[in-house]
>>> print(open('start.txt').read())   # compact mmCIF, N, CA and C atoms
# COMPACT_ATOMS: atom_id res chain seq x y z
N MET A 6 0.84 -1.17 0.00
CA MET A 6 0.00 0.00 0.00
C MET A 6 0.89 1.24 0.00
N LYS A 7 0.48 2.21 -0.79
CA LYS A 7 1.22 3.46 -0.78
C LYS A 7 0.52 4.46 0.13
N PHE A 8 1.33 5.17 0.90
CA PHE A 8 0.86 6.21 1.80
C PHE A 8 1.66 7.47 1.53
N MET A 9 0.98 8.61 1.60
CA MET A 9 1.67 9.89 1.50
C MET A 9 1.59 10.57 2.85
N THR A 10 2.72 11.11 3.27
CA THR A 10 2.74 11.95 4.46
C THR A 10 2.79 13.39 3.97
N ILE A 11 2.03 14.25 4.62
CA ILE A 11 1.95 15.66 4.26
C ILE A 11 2.28 16.46 5.51
N VAL A 12 3.38 17.20 5.45
CA VAL A 12 3.82 18.01 6.58
C VAL A 12 3.15 19.37 6.49
N LYS A 13 2.48 19.78 7.56
CA LYS A 13 1.80 21.07 7.60
C LYS A 13 2.32 21.88 8.79
N CYS A 14 2.58 23.16 8.52
CA CYS A 14 3.04 24.04 9.59
C CYS A 14 2.86 25.48 9.14
N ALA A 15 3.08 26.40 10.06
CA ALA A 15 3.08 27.81 9.68
C ALA A 15 4.24 28.01 8.71
N GLU A 16 4.04 28.89 7.76
CA GLU A 16 5.09 29.12 6.77
C GLU A 16 6.34 29.67 7.45
N ILE A 17 7.48 29.11 7.09
CA ILE A 17 8.74 29.55 7.67
C ILE A 17 9.55 30.31 6.63
N SER A 18 10.36 31.23 7.12
CA SER A 18 11.14 32.05 6.19
C SER A 18 12.59 31.59 6.10
N GLU A 19 13.01 30.77 7.03
CA GLU A 19 14.38 30.28 7.02
C GLU A 19 14.39 28.76 6.95
N PRO A 20 15.44 28.19 6.38
CA PRO A 20 15.49 26.73 6.30
C PRO A 20 15.60 26.09 7.69
N PRO A 21 15.17 24.84 7.80
CA PRO A 21 15.29 24.12 9.08
C PRO A 21 16.75 23.95 9.47
N PRO A 22 17.01 23.62 10.74
CA PRO A 22 18.38 23.39 11.18
C PRO A 22 19.05 22.27 10.38
N LYS A 23 20.35 22.42 10.15
CA LYS A 23 21.12 21.43 9.39
C LYS A 23 21.03 20.04 10.02
N ALA A 24 21.06 19.98 11.34
CA ALA A 24 20.98 18.68 12.02
C ALA A 24 19.66 17.97 11.68
N LEU A 25 18.58 18.73 11.55
CA LEU A 25 17.29 18.13 11.18
C LEU A 25 17.36 17.61 9.74
N ILE A 26 17.88 18.42 8.84
CA ILE A 26 17.99 17.99 7.44
C ILE A 26 18.85 16.74 7.34
N ASP A 27 19.97 16.72 8.04
CA ASP A 27 20.84 15.53 8.04
C ASP A 27 20.09 14.30 8.56
N GLY A 28 19.31 14.48 9.63
CA GLY A 28 18.54 13.37 10.18
C GLY A 28 17.48 12.88 9.21
N ILE A 29 16.82 13.80 8.53
CA ILE A 29 15.79 13.43 7.55
C ILE A 29 16.43 12.69 6.38
N MET A 30 17.60 13.15 5.94
CA MET A 30 18.29 12.48 4.83
C MET A 30 18.68 11.05 5.24
N ALA A 31 19.16 10.89 6.47
CA ALA A 31 19.53 9.56 6.94
C ALA A 31 18.30 8.65 7.05
N LEU A 32 17.20 9.20 7.54
CA LEU A 32 15.97 8.42 7.63
C LEU A 32 15.49 8.01 6.24
N GLY A 33 15.58 8.93 5.29
CA GLY A 33 15.20 8.62 3.91
C GLY A 33 16.05 7.51 3.32
N GLU A 34 17.35 7.57 3.59
CA GLU A 34 18.24 6.52 3.09
C GLU A 34 17.90 5.18 3.73
N GLU A 35 17.58 5.19 5.00
CA GLU A 35 17.18 3.95 5.68
C GLU A 35 15.89 3.40 5.06
N ALA A 36 14.92 4.28 4.76
CA ALA A 36 13.68 3.84 4.12
C ALA A 36 13.95 3.30 2.72
N ARG A 37 14.88 3.92 2.01
CA ARG A 37 15.25 3.44 0.68
C ARG A 37 15.85 2.04 0.76
N GLN A 38 16.77 1.84 1.71
CA GLN A 38 17.40 0.52 1.88
C GLN A 38 16.40 -0.53 2.32
N ALA A 39 15.38 -0.10 3.06
CA ALA A 39 14.33 -1.03 3.50
C ALA A 39 13.34 -1.35 2.38
N GLY A 40 13.46 -0.62 1.27
CA GLY A 40 12.58 -0.87 0.13
C GLY A 40 11.20 -0.26 0.24
N VAL A 41 11.02 0.72 1.14
CA VAL A 41 9.70 1.32 1.32
C VAL A 41 9.63 2.77 0.84
N PHE A 42 10.75 3.35 0.48
CA PHE A 42 10.79 4.74 0.04
C PHE A 42 10.35 4.85 -1.42
N VAL A 43 9.44 5.80 -1.71
CA VAL A 43 9.00 6.05 -3.08
C VAL A 43 9.49 7.42 -3.54
N ASP A 44 9.18 8.47 -2.77
CA ASP A 44 9.52 9.83 -3.19
C ASP A 44 9.38 10.77 -2.01
N TRP A 45 10.00 11.94 -2.12
CA TRP A 45 9.82 12.98 -1.12
C TRP A 45 10.18 14.31 -1.70
N GLY A 46 9.83 15.37 -0.98
CA GLY A 46 10.19 16.70 -1.41
C GLY A 46 9.79 17.74 -0.38
N GLY A 47 10.58 18.78 -0.32
CA GLY A 47 10.26 19.95 0.49
C GLY A 47 9.76 21.04 -0.46
N LEU A 48 8.86 21.86 0.03
CA LEU A 48 8.26 22.88 -0.82
C LEU A 48 8.79 24.27 -0.49
N GLN A 49 9.01 25.06 -1.52
CA GLN A 49 9.44 26.44 -1.35
C GLN A 49 8.29 27.25 -0.76
N PRO A 50 8.59 28.48 -0.31
CA PRO A 50 7.54 29.33 0.27
C PRO A 50 6.41 29.60 -0.72
N THR A 51 5.22 29.88 -0.18
CA THR A 51 4.06 30.15 -1.03
C THR A 51 4.25 31.38 -1.90
N ALA A 52 5.14 32.28 -1.52
CA ALA A 52 5.42 33.47 -2.34
C ALA A 52 5.90 33.07 -3.73
N ASN A 53 6.49 31.90 -3.85
CA ASN A 53 7.00 31.43 -5.15
C ASN A 53 5.97 30.62 -5.93
N GLY A 54 4.77 30.48 -5.39
CA GLY A 54 3.77 29.63 -6.01
C GLY A 54 2.55 30.39 -6.49
N ALA A 55 1.52 29.66 -6.83
CA ALA A 55 0.24 30.22 -7.27
C ALA A 55 -0.86 29.24 -6.87
N ARG A 56 -2.08 29.72 -6.92
CA ARG A 56 -3.25 28.91 -6.61
C ARG A 56 -4.27 29.06 -7.72
N ALA A 57 -4.89 27.96 -8.07
CA ALA A 57 -6.03 27.99 -9.00
C ALA A 57 -7.23 27.45 -8.24
N ARG A 58 -8.33 28.17 -8.30
CA ARG A 58 -9.52 27.80 -7.53
C ARG A 58 -10.76 27.94 -8.40
N ILE A 59 -11.68 26.99 -8.26
CA ILE A 59 -12.98 27.09 -8.91
C ILE A 59 -14.02 27.26 -7.82
N ALA A 60 -14.79 28.32 -7.94
CA ALA A 60 -15.89 28.58 -7.00
C ALA A 60 -17.03 29.22 -7.79
N LYS A 61 -18.22 28.70 -7.58
CA LYS A 61 -19.42 29.21 -8.26
C LYS A 61 -19.24 29.26 -9.76
N GLY A 62 -18.58 28.22 -10.30
CA GLY A 62 -18.41 28.11 -11.74
C GLY A 62 -17.37 29.03 -12.34
N LYS A 63 -16.55 29.65 -11.50
CA LYS A 63 -15.55 30.60 -11.99
C LYS A 63 -14.15 30.14 -11.58
N LEU A 64 -13.22 30.21 -12.52
CA LEU A 64 -11.82 29.87 -12.27
C LEU A 64 -11.06 31.14 -11.92
N THR A 65 -10.36 31.10 -10.79
CA THR A 65 -9.54 32.23 -10.36
C THR A 65 -8.13 31.72 -10.11
N VAL A 66 -7.14 32.44 -10.62
CA VAL A 66 -5.74 32.11 -10.38
C VAL A 66 -5.11 33.26 -9.61
N THR A 67 -4.42 32.93 -8.51
CA THR A 67 -3.81 33.92 -7.64
C THR A 67 -2.35 33.57 -7.41
N ASP A 68 -1.47 34.54 -7.58
CA ASP A 68 -0.07 34.33 -7.24
C ASP A 68 0.10 34.38 -5.73
N GLY A 69 1.13 33.65 -5.22
CA GLY A 69 1.44 33.68 -3.80
C GLY A 69 2.04 35.02 -3.43
N PRO A 70 2.26 35.29 -2.16
CA PRO A 70 2.02 34.40 -1.03
C PRO A 70 0.55 34.35 -0.64
N PHE A 71 0.21 33.37 0.17
CA PHE A 71 -1.16 33.14 0.59
C PHE A 71 -1.29 33.52 2.06
N SER A 72 -1.44 34.79 2.33
CA SER A 72 -1.42 35.29 3.70
C SER A 72 -2.56 34.76 4.55
N GLU A 73 -3.68 34.36 3.92
CA GLU A 73 -4.82 33.88 4.70
C GLU A 73 -4.60 32.47 5.24
N ALA A 74 -3.58 31.78 4.76
CA ALA A 74 -3.32 30.41 5.20
C ALA A 74 -2.62 30.42 6.56
N LYS A 75 -3.23 29.72 7.52
CA LYS A 75 -2.59 29.59 8.83
C LYS A 75 -1.50 28.53 8.79
N GLU A 76 -1.74 27.50 8.00
CA GLU A 76 -0.76 26.44 7.81
C GLU A 76 -0.61 26.19 6.32
N VAL A 77 0.58 25.80 5.94
CA VAL A 77 0.84 25.45 4.55
C VAL A 77 1.49 24.08 4.51
N ILE A 78 1.46 23.46 3.35
CA ILE A 78 2.15 22.19 3.18
C ILE A 78 3.62 22.50 2.97
N GLY A 79 4.46 21.94 3.82
CA GLY A 79 5.89 22.21 3.75
C GLY A 79 6.66 21.12 3.03
N GLY A 80 6.08 19.94 2.92
CA GLY A 80 6.76 18.85 2.26
C GLY A 80 5.93 17.59 2.31
N PHE A 81 6.46 16.55 1.67
CA PHE A 81 5.74 15.28 1.60
C PHE A 81 6.74 14.14 1.46
N THR A 82 6.27 12.96 1.80
CA THR A 82 7.00 11.72 1.54
C THR A 82 5.98 10.67 1.14
N THR A 83 6.37 9.81 0.24
CA THR A 83 5.52 8.69 -0.15
C THR A 83 6.24 7.39 0.20
N TYR A 84 5.54 6.51 0.90
CA TYR A 84 6.06 5.20 1.29
C TYR A 84 5.22 4.11 0.64
N ASP A 85 5.82 2.98 0.37
CA ASP A 85 5.11 1.80 -0.10
C ASP A 85 5.36 0.72 0.94
N VAL A 86 4.38 0.54 1.82
CA VAL A 86 4.52 -0.34 2.97
C VAL A 86 3.37 -1.34 3.01
N ALA A 87 3.43 -2.28 3.93
CA ALA A 87 2.42 -3.33 4.03
C ALA A 87 1.14 -2.87 4.73
N SER A 88 1.25 -1.83 5.58
CA SER A 88 0.08 -1.46 6.38
C SER A 88 0.20 -0.01 6.87
N LYS A 89 -0.92 0.50 7.35
CA LYS A 89 -0.94 1.83 7.96
C LYS A 89 -0.03 1.85 9.19
N GLU A 90 -0.03 0.77 9.93
CA GLU A 90 0.79 0.69 11.14
C GLU A 90 2.28 0.82 10.79
N GLU A 91 2.70 0.17 9.70
CA GLU A 91 4.09 0.28 9.28
C GLU A 91 4.40 1.71 8.84
N ALA A 92 3.48 2.34 8.15
CA ALA A 92 3.68 3.74 7.74
C ALA A 92 3.83 4.63 8.97
N MET A 93 3.05 4.36 10.00
CA MET A 93 3.11 5.17 11.22
C MET A 93 4.46 5.06 11.93
N VAL A 94 5.15 3.95 11.77
CA VAL A 94 6.50 3.82 12.34
C VAL A 94 7.41 4.89 11.73
N TRP A 95 7.33 5.05 10.40
CA TRP A 95 8.16 6.06 9.72
C TRP A 95 7.70 7.47 10.08
N VAL A 96 6.41 7.67 10.22
CA VAL A 96 5.87 8.97 10.61
C VAL A 96 6.42 9.39 11.98
N ARG A 97 6.34 8.48 12.93
CA ARG A 97 6.82 8.79 14.28
C ARG A 97 8.31 9.13 14.27
N ARG A 98 9.08 8.37 13.53
CA ARG A 98 10.52 8.61 13.48
C ARG A 98 10.81 9.97 12.87
N PHE A 99 10.08 10.34 11.83
CA PHE A 99 10.25 11.64 11.20
C PHE A 99 9.92 12.77 12.18
N MET A 100 8.80 12.64 12.88
CA MET A 100 8.40 13.67 13.83
C MET A 100 9.34 13.74 15.04
N GLU A 101 9.86 12.60 15.46
CA GLU A 101 10.82 12.59 16.57
C GLU A 101 12.09 13.35 16.21
N LEU A 102 12.48 13.31 14.93
CA LEU A 102 13.63 14.11 14.49
C LEU A 102 13.37 15.60 14.70
N HIS A 103 12.15 16.03 14.46
CA HIS A 103 11.80 17.43 14.69
C HIS A 103 11.88 17.78 16.18
N LEU A 104 11.36 16.90 17.02
CA LEU A 104 11.45 17.14 18.47
C LEU A 104 12.89 17.28 18.93
N LYS A 105 13.75 16.45 18.38
CA LYS A 105 15.15 16.44 18.79
C LYS A 105 15.94 17.63 18.24
N HIS A 106 15.78 17.92 16.95
CA HIS A 106 16.65 18.89 16.30
C HIS A 106 16.04 20.28 16.08
N TRP A 107 14.73 20.41 16.29
CA TRP A 107 14.06 21.70 16.11
C TRP A 107 12.90 21.78 17.09
N PRO A 108 13.20 21.76 18.40
CA PRO A 108 12.15 21.64 19.42
C PRO A 108 11.12 22.76 19.42
N GLU A 109 11.47 23.93 18.88
CA GLU A 109 10.49 25.03 18.86
C GLU A 109 9.51 24.93 17.68
N TRP A 110 9.75 24.02 16.74
CA TRP A 110 8.87 23.85 15.58
C TRP A 110 7.53 23.29 16.03
N GLU A 111 6.47 23.80 15.43
CA GLU A 111 5.13 23.28 15.68
C GLU A 111 4.48 22.98 14.35
N GLY A 112 3.88 21.83 14.24
CA GLY A 112 3.20 21.45 13.01
C GLY A 112 2.62 20.06 13.15
N GLU A 113 2.14 19.56 12.04
CA GLU A 113 1.55 18.23 12.05
C GLU A 113 1.91 17.51 10.77
N LEU A 114 1.78 16.23 10.83
CA LEU A 114 2.02 15.39 9.67
C LEU A 114 0.76 14.56 9.45
N GLU A 115 0.20 14.70 8.28
CA GLU A 115 -1.01 13.95 7.93
C GLU A 115 -0.60 12.74 7.10
N LEU A 116 -1.13 11.58 7.44
CA LEU A 116 -0.86 10.35 6.71
C LEU A 116 -2.12 9.98 5.94
N ARG A 117 -1.96 9.77 4.62
CA ARG A 117 -3.11 9.45 3.78
C ARG A 117 -2.79 8.28 2.87
N PRO A 118 -3.67 7.27 2.83
CA PRO A 118 -3.48 6.19 1.87
C PRO A 118 -3.75 6.73 0.46
N MET A 119 -3.02 6.20 -0.50
CA MET A 119 -3.16 6.64 -1.88
C MET A 119 -3.98 5.62 -2.67
N TYR A 120 -4.75 6.11 -3.61
CA TYR A 120 -5.43 5.20 -4.53
C TYR A 120 -4.37 4.59 -5.44
N GLU A 121 -4.55 3.33 -5.73
CA GLU A 121 -3.63 2.66 -6.64
C GLU A 121 -4.42 2.08 -7.78
N GLU A 122 -3.79 2.05 -8.95
CA GLU A 122 -4.46 1.49 -10.12
C GLU A 122 -4.59 -0.01 -9.93
N PRO A 123 -5.75 -0.55 -10.33
CA PRO A 123 -5.90 -2.01 -10.23
C PRO A 123 -4.95 -2.69 -11.21
N PRO A 124 -4.49 -3.88 -10.86
CA PRO A 124 -3.58 -4.60 -11.76
C PRO A 124 -4.27 -4.89 -13.10
N THR A 125 -3.50 -4.81 -14.16
CA THR A 125 -4.03 -5.14 -15.49
C THR A 125 -3.68 -6.58 -15.82
N ASP A 126 -4.57 -7.22 -16.52
CA ASP A 126 -4.33 -8.63 -16.88
C ASP A 126 -3.53 -8.75 -18.14
>>> encode(input="start.txt", output="structure tokens")
Amino acid sequence: MKFMTIVKCAEISEPPPKALIDGIMALGEEARQAGVFVDWGGLQPTANGARARIAKGKLTVTDGPFSEAKEVIGGFTTYDVASKEEAMVWVRRFMELHLKHWPEWEGELELRPMYEEPPTD
């Protein structure tokens, strides 16, 4: 089963501490060696992005930043694991790195199962 983790927090203007990045890179390498790593990425500030929205039949495109957002998506990881419980092991380890290397950080990580295409015959 594939799961995506979505990191949400208040938008930050400076990069995370190097020790945290090093820890995340090591965790990613461990997940890769375990055969469960699919993909990951950190996202640039919303000022560098845009939004497209449909409301009441109208398409609106807005350039960032998105000041009304209390939290933004800061990054993601995709795992291919046997169960939600196994995915949560990686989630906990990722969040524990934040507690250790960036204790003042506040945010959340959402875990979502991904739809997968049915096998073709």
>>> closest_residue(input="start.txt", among="A:Leu116, A:Val41, A:Cys14, A:Ile26", to="Ala74 (chain A)", atoms="only N, CA and C atoms")
A:Cys14
>>> residues_around(input="start.txt", residues="Gly46 (chain A)", least_positions_apart="5", cutoff="8 Å", atoms="only C-alpha atoms", output="ChimeraX atom specification")
/A:80-82
>>> write_last_selection(input="start.txt", atoms="N, CA and C atoms", output="CSV table (one decimal), keeping the file's coordinate frame")
chain,number,residue,atom,x,y,z
A,80,GLY,N,6.1,19.9,2.9
A,80,GLY,CA,6.8,18.8,2.3
A,80,GLY,C,5.9,17.6,2.3
A,81,PHE,N,6.5,16.6,1.7
A,81,PHE,CA,5.7,15.3,1.6
A,81,PHE,C,6.7,14.1,1.5
A,82,THR,N,6.3,13.0,1.8
A,82,THR,CA,7.0,11.7,1.5
A,82,THR,C,6.0,10.7,1.1
>>> closest_residue(input="start.txt", among="A:Glu122, A:Glu73, A:Thr83, A:Lys89", to="Thr10 (chain A)", atoms="all atoms listed in the file")
A:Thr83
>>> residues_around(input="start.txt", residues="region 47-49 of chain A", least_positions_apart="3", cutoff="7 Å", atoms="only N, CA and C atoms", output="mmCIF file with N, CA and C atoms, in the coordinates of the input")
data_model
loop_
_atom_site.group_PDB
_atom_site.id
_atom_site.type_symbol
_atom_site.label_atom_id
_atom_site.label_comp_id
_atom_site.auth_asym_id
_atom_site.auth_seq_id
_atom_site.Cartn_x
_atom_site.Cartn_y
_atom_site.Cartn_z
ATOM 1 N N ALA A 52 5.140 32.280 -1.520
ATOM 2 C CA ALA A 52 5.420 33.470 -2.340
ATOM 3 C C ALA A 52 5.900 33.070 -3.730
ATOM 4 N N ASN A 53 6.490 31.900 -3.850
ATOM 5 C CA ASN A 53 7.000 31.430 -5.150
ATOM 6 C C ASN A 53 5.970 30.620 -5.930
ATOM 7 N N GLY A 54 4.770 30.480 -5.390
ATOM 8 C CA GLY A 54 3.770 29.630 -6.010
ATOM 9 C C GLY A 54 2.550 30.390 -6.490
ATOM 10 N N ILE A 78 1.460 23.460 3.350
ATOM 11 C CA ILE A 78 2.150 22.190 3.180
ATOM 12 C C ILE A 78 3.620 22.500 2.970
ATOM 13 N N GLY A 79 4.460 21.940 3.820
ATOM 14 C CA GLY A 79 5.890 22.210 3.750
ATOM 15 C C GLY A 79 6.660 21.120 3.030
ATOM 16 N N GLY A 80 6.080 19.940 2.920
ATOM 17 C CA GLY A 80 6.760 18.850 2.260
ATOM 18 C C GLY A 80 5.930 17.590 2.310
ATOM 19 N N PHE A 81 6.460 16.550 1.670
ATOM 20 C CA PHE A 81 5.740 15.280 1.600
ATOM 21 C C PHE A 81 6.740 14.140 1.460
#
>>> atom_distance(input="start.txt", atom1="CA of Ile29 (chain A)", atom2="CA of Met93 (chain A)")
15.6 Å
>>> residues_near_point(input="start.txt", point="(4.0, 25.2, 13.5)", cutoff="6.5 Å", atoms="all atoms listed in the file", output="list in words")
Lys13, Cys14, Ala15, Trp110, Glu111, Gly112 and Glu113 of chain A
>>> atom_distance(input="start.txt", atom1="CA of Pro21 (chain A)", atom2="atom N of Pro118 (chain A)")
26.1 Å
>>> atom_distance(input="start.txt", atom1="atom C of Leu25 (chain A)", atom2="atom C of His103 (chain A)")
8.5 Å
>>> select_by_dssp(input="start.txt", residues="chain A", states="strand (DSSP E)", output="PyMOL selection string")
chain A and resi 7-14+42-47+55-60+63-68+77-85+112-118
>>> axis_aligned_box(input="start.txt", around="region 47-66 of chain A", padding_each_side="5 Å", output="AutoDock Vina command-line options")
--center_x -4.4 --center_y 26.1 --center_z -6.0 --size_x 40.0 --size_y 24.7 --size_z 23.0
>>> closest_residue(input="start.txt", among="A:Arg56, A:Leu114, A:Glu34, A:Glu109", to="Val96 (chain A)", atoms="all atoms listed in the file")
A:Leu114
>>> select_by_dssp(input="start.txt", residues="chain A", states="helix (DSSP H, G or I)", output="ChimeraX atom specification")
/A:23-38,51-53,89-106
>>> residues_near_point(input="start.txt", point="(2.9, 0.5, 5.5)", cutoff="12 Å", atoms="only C-alpha atoms", output="ChimeraX atom specification")
/A:6-10,36,39-43,83-96,116-119
>>> build_atoms(input="start.txt", residues="region 110-120 of chain A", atoms="all heavy atoms", output="CSV table (one decimal), in the coordinates of the input")
chain,number,residue,atom,x,y,z
A,110,TRP,N,9.8,24.0,16.7
A,110,TRP,CA,8.9,23.8,15.6
A,110,TRP,C,7.5,23.3,16.0
A,110,TRP,O,7.5,22.4,16.9
A,110,TRP,CB,9.5,22.9,14.6
A,110,TRP,CG,8.7,22.7,13.3
A,110,TRP,CD1,8.7,23.5,12.2
A,110,TRP,CD2,7.8,21.5,13.1
A,110,TRP,NE1,7.8,22.9,11.3
A,110,TRP,CE2,7.3,21.7,11.8
A,110,TRP,CE3,7.5,20.4,13.8
A,110,TRP,CZ2,6.4,20.9,11.2
A,110,TRP,CZ3,6.6,19.5,13.2
A,110,TRP,CH2,6.1,19.7,11.9
A,111,GLU,N,6.5,23.8,15.4
A,111,GLU,CA,5.1,23.3,15.7
A,111,GLU,C,4.5,23.0,14.4
A,111,GLU,O,4.5,23.8,13.4
A,111,GLU,CB,4.3,24.3,16.5
A,111,GLU,CG,4.8,24.5,17.9
A,111,GLU,CD,3.9,25.4,18.7
A,111,GLU,OE1,2.8,25.8,18.2
A,111,GLU,OE2,4.2,25.6,19.9
A,112,GLY,N,3.9,21.8,14.2
A,112,GLY,CA,3.2,21.4,13.0
A,112,GLY,C,2.6,20.1,13.2
A,112,GLY,O,2.6,19.5,14.2
A,113,GLU,N,2.1,19.6,12.0
A,113,GLU,CA,1.6,18.2,12.0
A,113,GLU,C,1.9,17.5,10.8
A,113,GLU,O,2.3,18.1,9.8
A,113,GLU,CB,0.0,18.3,12.2
A,113,GLU,CG,-0.7,18.9,11.0
A,113,GLU,CD,-2.2,19.0,11.2
A,113,GLU,OE1,-2.7,19.0,12.4
A,113,GLU,OE2,-2.9,18.9,10.2
A,114,LEU,N,1.8,16.2,10.8
A,114,LEU,CA,2.0,15.4,9.7
A,114,LEU,C,0.8,14.6,9.4
A,114,LEU,O,0.3,13.9,10.3
A,114,LEU,CB,3.2,14.5,9.9
A,114,LEU,CG,3.7,13.8,8.7
A,114,LEU,CD1,5.2,13.6,8.7
A,114,LEU,CD2,3.0,12.4,8.5
A,115,GLU,N,0.2,14.7,8.3
A,115,GLU,CA,-1.0,14.0,7.9
A,115,GLU,C,-0.6,12.7,7.1
A,115,GLU,O,0.2,12.9,6.2
A,115,GLU,CB,-1.9,14.9,7.1
A,115,GLU,CG,-3.3,14.3,6.8
A,115,GLU,CD,-4.1,15.3,6.1
A,115,GLU,OE1,-4.1,16.5,6.4
A,115,GLU,OE2,-4.9,14.9,5.2
A,116,LEU,N,-1.1,11.6,7.4
A,116,LEU,CA,-0.9,10.4,6.7
A,116,LEU,C,-2.1,10.0,5.9
A,116,LEU,O,-3.2,9.9,6.5
A,116,LEU,CB,-0.5,9.2,7.7
A,116,LEU,CG,-0.3,7.8,7.0
A,116,LEU,CD1,1.0,7.9,6.2
A,116,LEU,CD2,-0.2,6.8,8.1
A,117,ARG,N,-2.0,9.8,4.6
A,117,ARG,CA,-3.1,9.4,3.8
A,117,ARG,C,-2.8,8.3,2.9
A,117,ARG,O,-1.8,8.3,2.2
A,117,ARG,CB,-3.5,10.7,2.9
A,117,ARG,CG,-3.8,11.9,3.6
A,117,ARG,CD,-5.2,12.0,4.0
A,117,ARG,NE,-6.1,12.0,2.9
A,117,ARG,CZ,-6.5,13.1,2.2
A,117,ARG,NH1,-6.0,14.3,2.5
A,117,ARG,NH2,-7.3,13.0,1.2
A,118,PRO,N,-3.7,7.3,2.8
A,118,PRO,CA,-3.5,6.2,1.9
A,118,PRO,C,-3.8,6.7,0.5
A,118,PRO,O,-4.6,7.6,0.3
A,118,PRO,CB,-4.5,5.1,2.3
A,118,PRO,CG,-5.5,5.9,3.1
A,118,PRO,CD,-4.9,7.1,3.7
A,119,MET,N,-3.0,6.2,-0.5
A,119,MET,CA,-3.2,6.6,-1.9
A,119,MET,C,-4.0,5.6,-2.7
A,119,MET,O,-3.9,4.4,-2.4
A,119,MET,CB,-1.8,6.8,-2.5
A,119,MET,CG,-0.9,7.9,-1.8
A,119,MET,SD,0.7,8.0,-2.5
A,119,MET,CE,0.4,8.7,-4.1
A,120,TYR,N,-4.8,6.1,-3.6
A,120,TYR,CA,-5.4,5.2,-4.5
A,120,TYR,C,-4.4,4.6,-5.4
A,120,TYR,O,-3.4,5.3,-5.8
A,120,TYR,CB,-6.4,5.9,-5.4
A,120,TYR,CG,-7.7,6.4,-4.7
A,120,TYR,CD1,-7.9,7.7,-4.4
A,120,TYR,CD2,-8.6,5.4,-4.2
A,120,TYR,CE1,-9.1,8.1,-3.8
A,120,TYR,CE2,-9.7,5.8,-3.6
A,120,TYR,CZ,-10.0,7.2,-3.3
A,120,TYR,OH,-11.1,7.5,-2.7
